[in-house]
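As provided, query08.cif (mmCIF, C-alpha atoms) reads as follows.
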data_entry
#
loop_
_atom_site.label_atom_id
_atom_site.label_comp_id
_atom_site.auth_asym_id
_atom_site.auth_seq_id
_atom_site.Cartn_x
_atom_site.Cartn_y
_atom_site.Cartn_z
CA ARG A 14 159.58 124.40 102.90
CA ALA A 15 158.10 122.92 99.70
CA ALA A 16 157.86 119.55 101.44
CA ASP A 17 155.91 121.15 104.30
CA ARG A 18 153.50 122.78 101.86
CA LEU A 19 153.09 119.50 100.01
CA ALA A 20 152.43 117.64 103.27
CA GLY A 21 149.85 120.29 104.27
CA ALA A 22 148.14 120.07 100.89
CA ALA A 23 148.09 116.28 101.10
CA ARG A 24 146.54 116.49 104.57
CA GLN A 25 143.87 118.95 103.36
CA PHE A 26 143.17 116.74 100.37
CA GLY A 27 142.76 113.72 102.64
CA GLN A 28 140.39 115.60 104.93
CA ALA A 29 138.34 116.89 102.00
CA HIS A 30 138.21 113.39 100.54
CA ALA A 31 137.00 111.96 103.86
CA ARG A 32 134.26 114.64 104.13
CA LEU A 33 133.16 113.96 100.56
CA LEU A 34 133.04 110.23 101.25
CA VAL A 35 130.86 110.78 104.35
CA GLN A 36 128.53 113.06 102.36
CA ARG A 37 128.19 110.52 99.56
CA ARG A 38 127.53 107.68 102.02
CA ASN A 39 124.83 109.78 103.69
CA ARG A 40 123.23 110.56 100.33
CA LEU A 41 123.31 106.88 99.40
CA ALA A 42 121.74 105.88 102.73
CA SER A 43 119.03 108.51 102.25
CA ALA A 44 118.29 107.37 98.69
CA THR A 45 118.19 103.74 99.84
CA ALA A 46 115.71 104.58 102.60
CA GLN A 47 113.57 106.51 100.13
CA LEU A 48 113.57 103.60 97.68
CA ARG A 49 112.54 101.21 100.44
CA ALA A 50 109.70 103.51 101.46
CA LEU A 51 108.44 103.69 97.88
CA ASP A 52 108.86 99.97 97.13
CA PRO A 53 105.42 98.54 96.30
CA GLY A 54 106.45 95.25 97.92
CA ASN A 55 106.92 97.00 101.25
CA THR A 56 103.52 98.64 100.91
CA LEU A 57 101.95 95.24 100.26
CA ALA A 58 103.75 93.81 103.28
CA ARG A 59 101.98 96.41 105.44
CA GLY A 60 98.62 94.91 104.45
CA TYR A 61 97.70 96.80 101.30
CA ALA A 62 96.76 95.24 97.98
CA ILE A 63 97.10 96.39 94.38
CA ALA A 64 93.96 96.07 92.25
CA ARG A 65 94.27 95.83 88.46
CA ASP A 66 91.51 95.84 85.88
CA ASP A 67 91.28 93.40 82.97
CA GLN A 68 93.68 95.62 80.98
CA GLY A 69 96.31 95.42 83.74
CA ARG A 70 95.82 99.06 84.76
CA ILE A 71 95.97 99.87 88.46
CA VAL A 72 92.56 100.86 89.82
CA ARG A 73 92.76 104.04 91.92
CA ASP A 74 89.12 105.08 92.04
CA ALA A 75 86.07 102.98 92.92
CA ALA A 76 84.00 105.21 90.62
CA ALA A 77 85.83 103.62 87.68
CA LEU A 78 84.42 100.18 88.58
CA THR A 79 81.15 98.51 87.74
CA ALA A 80 79.34 95.59 89.39
CA GLY A 81 80.52 92.31 87.93
CA GLN A 82 83.82 93.71 86.71
CA ALA A 83 86.78 91.35 87.18
CA LEU A 84 89.82 92.54 89.11
CA ASP A 85 93.19 90.99 89.79
CA LEU A 86 94.48 91.64 93.34
CA SER A 87 98.15 91.39 94.30
CA PHE A 88 99.13 90.89 97.93
CA ALA A 89 102.50 90.60 99.62
CA GLN A 90 102.08 86.84 99.26
CA GLY A 91 100.14 85.80 96.17
CA GLY A 92 97.05 87.22 94.61
CA ALA A 93 93.40 86.65 93.79
CA GLU A 94 90.96 87.13 90.97
CA VAL A 95 87.76 88.78 92.19
CA ALA A 96 84.57 90.31 90.87
CA VAL A 97 83.13 93.63 92.01
CA THR A 98 79.76 93.19 93.73
CA ARG A 99 79.18 96.87 94.48
CA THR A 100 81.13 100.10 94.91
CA ARG A 101 81.05 102.76 97.62
CA ASP A 102 81.86 106.43 97.38
CA THR A 103 84.34 108.10 99.74
CA ARG A 104 81.67 108.98 102.31
CA GLU A 105 80.64 105.32 102.72
CA ALA A 106 84.20 103.93 102.88
CA SER A 107 84.97 105.15 106.41
#

Would you write out, as structure tokens, the structure that this file holds?
Amino acid sequence: RAADRLAGAARQFGQAHARLLVQRRNRLASATAQLRALDPGNTLARGYAIARDDQGRIVRDAAALTAGQALDLSFAQGGAEVAVTRTRDTREAS
């Protein structure tokens, strides 16, 4: 009788362990997908660029730029140093 209970407990433990392993693998796969989606390299590969000012800060707003200001652009493959010729506000960008 004790052996039967032990065998049942071992079976339940094995099943619980298998469920936990599946849950952890699913969480890992989800986290991996999320990291890939947030990877700046993947964003660059889709055709975007990252613009940095002369202090190395990422430029997020054209209003922060002035004509003649130097920028460093990073692409999926390489980069470029450029100068701002003019800026546009949001209404002109589309």

Study note, to complete from the structure: Taken to one decimal, the CA of Ala64 (chain A)-CA of Ala89 (chain A) distance is 12.5 Å

**Study point:** Selection result of the PyMOL selection byres ((chain A and resi 69) around 12) on this file, as an MDAnalysis selection string
**Key:** chainID A and resid 63:68 70:72 83:87

Check your understanding: To one decimal place, how far is CA of Ala80 (chain A) from CA of Ala62 (chain A) in Å?
Key ->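 CA of Ala62 (chain A) lies 19.4 Å from CA of Ala80 (chain A).
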
Exercise for review: For CA of Thr103 (chain A) and CA of Ala75 (chain A), quote the distance in Å rounded to one decimal.
Suggested key: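 Distance between the two atoms: 8.7 Å.
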
Review point. Using only C-alpha atoms, which residue out of A:Gly54, A:Arg24, A:Ala76, A:Leu48 lies closest to Gly91 (chain A)?
Key: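 Ranking A:Gly54, A:Arg24, A:Ala76, A:Leu48 by distance to Gly91 (chain A), first place goes to A:Gly54.
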
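Between Leu57 (chain A) and the residues A:Leu78, A:Asp102, A:Arg14, A:Gln90, the shortest atom-to-atom distance, using all atoms listed in the file, involves A:Gln90.
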
Exercise for review: Kindly indicate which residue among A:Leu19, A:Phe88, A:Arg73, A:Arg40 lies nearest to Pro53 (chain A), using all atoms listed in the file for the distances.
Suggested key: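 The closest residue to Pro53 (chain A) is A:Phe88.
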
Exercise for review: Take the PyMOL selection byres ((chain A and resi 99) around 9), apply it to the structure above, and return the hits as a VMD selection string.
Suggested key: chain A and resid 78 to 81 97 to 98 100 to 101

Can I get the selected residues back with C-alpha atoms, as an mmCIF file, in the frame of the given file?
data_model
loop_
_atom_site.group_PDB
_atom_site.id
_atom_site.type_symbol
_atom_site.label_atom_id
_atom_site.label_comp_id
_atom_site.auth_asym_id
_atom_site.auth_seq_id
_atom_site.Cartn_x
_atom_site.Cartn_y
_atom_site.Cartn_z
ATOM 1 C CA LEU A 78 84.420 100.180 88.580
ATOM 2 C CA THR A 79 81.150 98.510 87.740
ATOM 3 C CA ALA A 80 79.340 95.590 89.390
ATOM 4 C CA GLY A 81 80.520 92.310 87.930
ATOM 5 C CA VAL A 97 83.130 93.630 92.010
ATOM 6 C CA THR A 98 79.760 93.190 93.730
ATOM 7 C CA THR A 100 81.130 100.100 94.910
ATOM 8 C CA ARG A 101 81.050 102.760 97.620
#
